[in-house]
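Right, one structure below, let's go through it.
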Amino acid sequence: MKLHGIKIPHLKNTADSAPQRIPIPKIITIPASMHIGKPAEILVKRGDTVKVGQLIGKADGFISSNIHSSVSGTVQKIDTMVTSNGVKISCAVIESDGKQELDEKIKPPFINDFDGFINAVKDSGVVGLGGAGFPSFAKLKIDDLARIETVVINAAECEPYITSDTRTMLDKNEYIYKGISAIKKYMNVRDFVIGIEKNKPSAIEKMKELALKDEHIRVHALPSMYPQGGEKVLVYNTLKKIIPQGGLPIDVGVIVINITTLAFIGEYLETGIPLVEKCVTIDGSAVKEPKNVIAPIGTPISDLIESAGGLKCEPAKVLYGGPMMGIAVPSMNEPVLKNTNAVIFMDKKEAAVPKTTACINCGACIAHCPFRLEPRSISLAYKAGNVGDLEKLCVDLCMECGCCSYVCPANRPLVQTNKLAKLKLREYLSYKKEMN
Amino acid sequence: MEHLNVSVSPHFFSKRTTQNIMLDVIIALMPALIASVIIFGWRSLLITVVCIACCVISEYVFRKICQKDNTISDLSAVITGMLLAFNLPVTIPVWQAIIGSITAIIVVKQLFGGIGQNFANPAITARIIMLVAFSGSMTSWTFSENSVDALSGATPLAAAAKGFSSGVDYMMLFLGDHGGCLGETCALAIILGGIYLLIRKVITWHIPVAFISTVAVMSFLCGKDPLYQILSGGLLLAAFFMATDYSTSPSTPWGKIIFGIGCGLITILIRVWGSLPEGVSYSILLMNILTPYISRLTRQKPLGALGGAKS
Ligand code: SF4
Ligand code: SF4
């Protein structure tokens with residue numbers, strides 16, 4: 001069985017742009033939550049001096065993550081902000097002194113077993129850097145290590161524009177290998193598959209060199225068809241395994257980890273410097289010189305523009321991430337987050353959303369959904385308030401990849417409806433559970 | 001400060017719109033239109049233009065009266081007009097063509113909610129209504145202008161049904177040089193249009209292939225000449241342009257195949273055992289009615305789904 005998908009423009013304009021550090025911003029804003037799960041508990045207060053890599057927020061609860069200062073300087077205030085999914089959280093606003101002094105306490109972690117490894121990953125503050133932002137230690141903490149057959153390394157980078165994972169593969173070879181070696185050693189895994197979309201030949205080349213070094217590493221070139229990077233799509237296309245509805249990759253003996261996340265873990269094991277900066281692709285039709293840059297986490301988006309030669313025009317839409325699944329930000333003061341891999345500035349023409357017309361029942365949405373869902377029928381069921389049908393149509397499987405909305409000739413807001421339908425179904429299911 | 005648009009993802013869209021899909025269908029119908037003018041003369045162009053104009057105007061007026069969005073720019077009414085005209089004899093009185101067009105748009109399409117909502121194909125349903133209402137003028141066939149055939153007034157199928165030789169050979173069928181509705185006779189032009197639709201991915205192969213091959217196999221089994229059955233009557237026009245209508249045919253691959261086979265079976269049943277020489281329109285209309293059930297029965301199982309997605 002072949003999974004469907006769509007051919008979209010690649011726009012990998014920045015693949016050859018080795019990332020450069022941007023000048024240290026004057027003010028940074030670090031939110032207490034840049035991950036899925038509970039926000040971290042902020043440890044600093046107004047007036048405290050902080051250094052690069054200093055712990056300023058402690059993971060609270062099992063699914064949470066540490067946060068660290070990305071500059072040296074003074075805490076200006078602890079403020080509140082609204083995240084892109086509408087949750088109010090606190091954040092630390094830090095004024096940089098420009099010196100970028102490293103916290104003295106930083107040293108490479110000392111690890112001698114699996115628990116030590118998990119603690120190190122937890123201390124590093126790393127979360128899924130491919131976009132999801134799920135705390136990595138929580139993902140790697142598998143009770144029964146024997147269940148893991150394969151680690152699939154997600155290097156598909158299937159969204160248009162984004163090349164930060166490509167740069168990881170080209171520039172951070174040895175850290176990728178370190179990361180793999182650590183997982184091998186502490187988690188006893190013997191099979192690693194790196195999945196890369198075919199549109200990145202130089203990265204595939206580089207990873208194949210790596211695979212020559214180690215018999216347990218395989219490189220899998222994926223078709224250039226969006227969305228190869230979707231977790232279930234990736235696992236299916238590399239291993240032909242189907243993750244069951246409501247299940248996790250580990251249910252089929254797999255762990256999926258993004259390549260940049262893995263390389264960061266490798267780097268952290270060597271340096272002990274926690275996650276304080278990110279390689280970010282700056283591109284989009286409003287950008288003069290698309291580039292990859294390395295920016296401290298917390299840098300306001302507006303501070304990135306200068307490093308990319310400025311803007312051609314006032315942007316009409318600015319995205320965290322790519323055009324298919326990226327989140328449109330309300331203002332250019334929003335900070336670079338841990339899982340920000342690209343910031344796309346779109347001009348008016350590129351940002352234009354075509355007019356919605358009546359569904360013509362063409363079936364294109366059905367024919368292109370990687371999971372074989374029926375977005376059209378889901379919309380009808382949602383509109384009719386028929387939750388039972390939503391359940392039968394498995395709307396909960398929808399990964400919001402956007403293929404259906406992309407192809408719909410009537411430009412129906414299918415992803416948006418699916419999101420609402422998922423919420424509705426979830427409410428209904430928890431209600432049903434309560435009743436029983 | 002700046003005014004940023006914060007719409008929900010995705011932020012990219014394909015260039016394909018309803019309008020340009022419909023435009024592709026219109027382009028694909030052009031060879032058949034040109035062929036009909038060559039075969040039947042300028043009157044076929046007149047009938048086509050009248051049908052298009054009436055379809056577009058009735059859609060415009062209806063939606064205006066009902067205070068709904070104007071949808072004529074999606075061009076689907078143009079296609080309905082063209083297809084209806086292609087299913088009429090060239091001698092049809094203009095007033096009958098007008099009534100047929102209005103029926104197609106208002107009764108069959110708009111009363112059900114407009115594009116995408118109607119369960120039956122407007123052109124086909126209107127044609128059937130006209131067959132009942134104006135049976136005389138709907139079945140009087142003229143020959144192509146340059147034909148010197150003696151059997152005036154019969155289509156090859158009608159002639160074959162009566163047991164005569166129609167005097168029409170394969171080549172004449174292929175080029176459309178015989179009696180029939182104005183857009184359905186030239187197999188060559190229709191096949192060209194069909195190929196264009198396939199290349200432009202407006203339609204998939206499933207319905208036409210299932211439909212045509214079922215007719216071929218069944219006519220062989222019933223002792224008829226398969227090639228003759230395929231090339232004559234409205235079969236090709238119907239298989240490429242009318243059975244593939246989005247609103248009224250299933251959207252899953254298997255659904256399309258079942259739909260196509262169903263159309264083929266009913267066509268042959270009517271042609272062989274029915275009292276009517278032509279069964280294509282009725283077969284599609286009957287299958288239109290079954291479409292929602294076929295769609296539901298052939299729903300694909302989503303990847304990793306635990307329960308079936310069937311309902
Ligand atoms: S229904 Fe969901 S999974 Fe399927 S194409 Fe649409 S967004 Fe992607
Ligand atoms: S792609 Fe759009 S127009 Fe076509 S069936 Fe799906 S929702 Fe309807």
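Chains: A, B, ... in order of the structure tokens. Residues: from 1 per chain. Ligands: from 1, in order shown.
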
Determine, for each residue of chain A having at least one atom at most 7 Å from an atom of ligand 1, the closest pair of atoms and their separation in Å to one decimal, counting only C-alpha atoms and all ligand atoms; order by chain and ascending number, as a tab-separated table.
```
residue	atom	partner	partner_atom_place_in_ligand_line	distance
A:Cys365	CA	ligand 1	5 (S)	6.6
A:His368	CA	ligand 1	5 (S)	6.2
A:Cys369	CA	ligand 1	5 (S)	3.7
A:Pro370	CA	ligand 1	4 (Fe)	5.8
A:Phe371	CA	ligand 1	4 (Fe)	5.6
A:Arg372	CA	ligand 1	4 (Fe)	6.6
A:Leu373	CA	ligand 1	4 (Fe)	5.4
A:Glu374	CA	ligand 1	1 (S)	6.5
A:Pro375	CA	ligand 1	1 (S)	5.0
A:Leu397	CA	ligand 1	3 (S)	6.9
A:Cys398	CA	ligand 1	2 (Fe)	3.7
A:Met399	CA	ligand 1	3 (S)	4.5
A:Glu400	CA	ligand 1	7 (S)	3.5
A:Cys401	CA	ligand 1	8 (Fe)	4.0
A:Gly402	CA	ligand 1	7 (S)	4.1
A:Cys403	CA	ligand 1	5 (S)	4.2
A:Cys404	CA	ligand 1	5 (S)	4.2
A:Ser405	CA	ligand 1	6 (Fe)	6.5
A:Leu414	CA	ligand 1	6 (Fe)	6.7
A:Val415	CA	ligand 1	7 (S)	5.1
A:Asn418	CA	ligand 1	1 (S)	6.8
```

Select all residues from chain B having any atom no more than 10 Å from an atom of chain A (counting only C-alpha atoms, ignoring ligands), output as number ranges by chain. B: 1-21, 69, 71, 74, 76, 113-118, 202-203, 244-253, 296, 299-311

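Using only C-alpha atoms, the contacts of A:Val151 at a cut-off of 10 Å, with sequence neighbours closer than 3 positions omitted, comprise Ile148, Asn154, Ile180, Ile183, Lys184, Val189, Arg190, Asp191, Phe192, Val193, Ile194, Ile217, Val235, Pro249, Ile250, Gly253, Val254, Ile255, Val256 and Ile257 of chain A.
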
For the residues in the current selection, export all heavy atoms as a short mmCIF file (atom, residue, chain, number, x, y, z; two decimals), in the first residue's frame.
```
data_model
loop_
_atom_site.label_atom_id
_atom_site.label_comp_id
_atom_site.auth_asym_id
_atom_site.auth_seq_id
_atom_site.Cartn_x
_atom_site.Cartn_y
_atom_site.Cartn_z
N ILE A 148 12.24 -1.78 22.25
CA ILE A 148 12.70 -0.94 21.14
C ILE A 148 13.45 -1.79 20.12
O ILE A 148 14.48 -2.38 20.43
CB ILE A 148 13.65 0.17 21.63
CG1 ILE A 148 13.06 0.88 22.84
CG2 ILE A 148 13.94 1.16 20.51
CD1 ILE A 148 14.02 1.82 23.53
N ASN A 154 14.23 11.12 12.22
CA ASN A 154 13.42 11.91 11.30
C ASN A 154 14.24 13.06 10.70
O ASN A 154 14.53 14.04 11.36
CB ASN A 154 12.19 12.46 12.03
CG ASN A 154 11.17 13.04 11.07
OD1 ASN A 154 11.47 13.27 9.90
ND2 ASN A 154 9.97 13.27 11.57
N ILE A 180 23.69 8.96 18.32
CA ILE A 180 23.36 7.57 18.01
C ILE A 180 24.12 6.63 18.95
O ILE A 180 23.54 5.70 19.53
CB ILE A 180 23.69 7.24 16.54
CG1 ILE A 180 22.76 8.02 15.61
CG2 ILE A 180 23.58 5.74 16.27
CD1 ILE A 180 23.03 7.83 14.13
N ILE A 183 22.57 6.46 22.41
CA ILE A 183 21.34 5.66 22.46
C ILE A 183 21.67 4.17 22.37
O ILE A 183 21.09 3.33 23.05
CB ILE A 183 20.36 6.10 21.34
CG1 ILE A 183 19.87 7.51 21.63
CG2 ILE A 183 19.18 5.14 21.23
CD1 ILE A 183 18.89 8.05 20.63
N LYS A 184 22.66 3.88 21.55
CA LYS A 184 23.10 2.51 21.41
C LYS A 184 23.59 1.96 22.74
O LYS A 184 23.22 0.87 23.18
CB LYS A 184 24.28 2.51 20.43
CG LYS A 184 24.14 1.58 19.29
CD LYS A 184 25.24 1.91 18.32
CE LYS A 184 25.69 0.68 17.62
NZ LYS A 184 26.67 1.03 16.58
N VAL A 189 19.99 -0.18 21.67
CA VAL A 189 19.31 -0.32 20.38
C VAL A 189 20.36 -0.67 19.33
O VAL A 189 21.48 -0.19 19.38
CB VAL A 189 18.60 0.99 19.99
CG1 VAL A 189 17.84 0.82 18.69
CG2 VAL A 189 17.66 1.43 21.09
N ARG A 190 19.96 -1.52 18.38
CA ARG A 190 20.93 -1.95 17.37
C ARG A 190 20.52 -1.59 15.95
O ARG A 190 21.13 -2.02 14.99
CB ARG A 190 21.12 -3.48 17.47
CG ARG A 190 21.96 -3.91 18.65
CD ARG A 190 23.43 -3.52 18.47
NE ARG A 190 24.18 -3.67 19.69
CZ ARG A 190 24.31 -2.71 20.61
NH1 ARG A 190 23.76 -1.52 20.43
NH2 ARG A 190 25.00 -2.91 21.71
N ASP A 191 19.43 -0.86 15.82
CA ASP A 191 18.98 -0.56 14.46
C ASP A 191 18.57 0.90 14.37
O ASP A 191 17.67 1.35 15.08
CB ASP A 191 17.80 -1.48 14.11
CG ASP A 191 17.40 -1.36 12.64
OD1 ASP A 191 18.24 -0.95 11.82
OD2 ASP A 191 16.22 -1.67 12.33
N PHE A 192 19.25 1.64 13.52
CA PHE A 192 18.94 3.06 13.34
C PHE A 192 18.66 3.33 11.87
O PHE A 192 19.45 2.96 11.01
CB PHE A 192 20.13 3.93 13.78
CG PHE A 192 20.39 3.86 15.26
CD1 PHE A 192 21.12 2.81 15.80
CD2 PHE A 192 19.90 4.83 16.11
CE1 PHE A 192 21.35 2.72 17.16
CE2 PHE A 192 20.12 4.76 17.47
CZ PHE A 192 20.85 3.71 18.01
N VAL A 193 17.52 3.94 11.61
CA VAL A 193 17.19 4.29 10.22
C VAL A 193 17.06 5.80 10.13
O VAL A 193 16.28 6.41 10.86
CB VAL A 193 15.85 3.67 9.78
CG1 VAL A 193 15.59 3.97 8.32
CG2 VAL A 193 15.86 2.18 10.01
N ILE A 194 17.84 6.40 9.23
CA ILE A 194 17.70 7.83 9.01
C ILE A 194 16.84 8.04 7.77
O ILE A 194 17.21 7.61 6.68
CB ILE A 194 19.09 8.50 8.80
CG1 ILE A 194 20.06 8.08 9.93
CG2 ILE A 194 18.95 10.01 8.73
CD1 ILE A 194 21.45 8.66 9.79
N ILE A 217 23.58 1.54 11.29
CA ILE A 217 22.89 2.72 10.77
C ILE A 217 22.52 2.49 9.31
O ILE A 217 23.34 2.05 8.51
CB ILE A 217 23.79 3.97 10.87
CG1 ILE A 217 24.25 4.17 12.32
CG2 ILE A 217 23.04 5.21 10.38
CD1 ILE A 217 25.23 5.32 12.50
N VAL A 235 7.29 6.25 9.82
CA VAL A 235 7.46 4.88 10.31
C VAL A 235 6.95 3.89 9.27
O VAL A 235 7.55 2.86 9.02
CB VAL A 235 6.74 4.69 11.67
CG1 VAL A 235 6.69 3.22 12.06
CG2 VAL A 235 7.44 5.50 12.75
N PRO A 249 4.62 5.23 18.58
CA PRO A 249 5.57 4.41 17.82
C PRO A 249 6.07 3.20 18.62
O PRO A 249 6.27 2.13 18.05
CB PRO A 249 6.70 5.39 17.52
CG PRO A 249 6.07 6.73 17.51
CD PRO A 249 4.94 6.65 18.51
N ILE A 250 6.22 3.38 19.92
CA ILE A 250 6.77 2.28 20.72
C ILE A 250 5.85 1.05 20.69
O ILE A 250 6.29 -0.08 20.87
CB ILE A 250 7.08 2.74 22.17
CG1 ILE A 250 7.90 1.71 22.94
CG2 ILE A 250 5.82 3.07 22.93
CD1 ILE A 250 9.28 1.48 22.38
N GLY A 253 7.35 -1.02 18.44
CA GLY A 253 8.78 -1.21 18.68
C GLY A 253 9.68 -0.13 18.12
O GLY A 253 10.84 -0.38 17.80
N VAL A 254 9.14 1.06 17.97
CA VAL A 254 9.91 2.12 17.32
C VAL A 254 9.97 3.37 18.20
O VAL A 254 9.02 3.68 18.92
CB VAL A 254 9.26 2.48 15.96
CG1 VAL A 254 10.01 3.62 15.29
CG2 VAL A 254 9.21 1.27 15.05
N ILE A 255 11.10 4.05 18.13
CA ILE A 255 11.19 5.40 18.69
C ILE A 255 11.53 6.31 17.52
O ILE A 255 12.39 5.97 16.71
CB ILE A 255 12.28 5.49 19.77
CG1 ILE A 255 11.80 4.77 21.03
CG2 ILE A 255 12.61 6.92 20.10
CD1 ILE A 255 12.78 4.91 22.17
N VAL A 256 10.84 7.43 17.42
CA VAL A 256 11.15 8.39 16.36
C VAL A 256 11.78 9.61 16.99
O VAL A 256 11.25 10.16 17.96
CB VAL A 256 9.88 8.80 15.59
CG1 VAL A 256 10.24 9.80 14.49
CG2 VAL A 256 9.18 7.59 14.99
N ILE A 257 12.92 10.01 16.48
CA ILE A 257 13.58 11.19 17.02
C ILE A 257 14.06 12.07 15.87
O ILE A 257 14.55 11.57 14.87
CB ILE A 257 14.73 10.79 17.99
CG1 ILE A 257 15.30 12.02 18.69
CG2 ILE A 257 15.83 10.02 17.27
CD1 ILE A 257 16.16 11.67 19.91
#
```

What's the 9 Å shell around B:Asp24, counting only C-alpha atoms, without same-chain residues fewer than 6 positions away, as an mmCIF file with C-alpha atoms, in the first residue's frame?
```cif
data_model
loop_
_atom_site.group_PDB
_atom_site.id
_atom_site.type_symbol
_atom_site.label_atom_id
_atom_site.label_comp_id
_atom_site.auth_asym_id
_atom_site.auth_seq_id
_atom_site.Cartn_x
_atom_site.Cartn_y
_atom_site.Cartn_z
ATOM 1 C CA TYR B 196 -7.095 15.752 -22.051
ATOM 2 C CA LEU B 197 -9.190 15.310 -18.883
ATOM 3 C CA ARG B 200 -5.037 17.278 -16.543
ATOM 4 C CA VAL B 202 -9.652 16.296 -13.830
#
```

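Residues with any atom within 10 Å of stretch 220-224 of chain B, counting only C-alpha atoms and excluding same-chain neighbours fewer than 4 positions away, are Ala160, Thr214, Val215, Ala216, Tyr228, Gln229, Ile268, Leu269 and Val272 of chain B.
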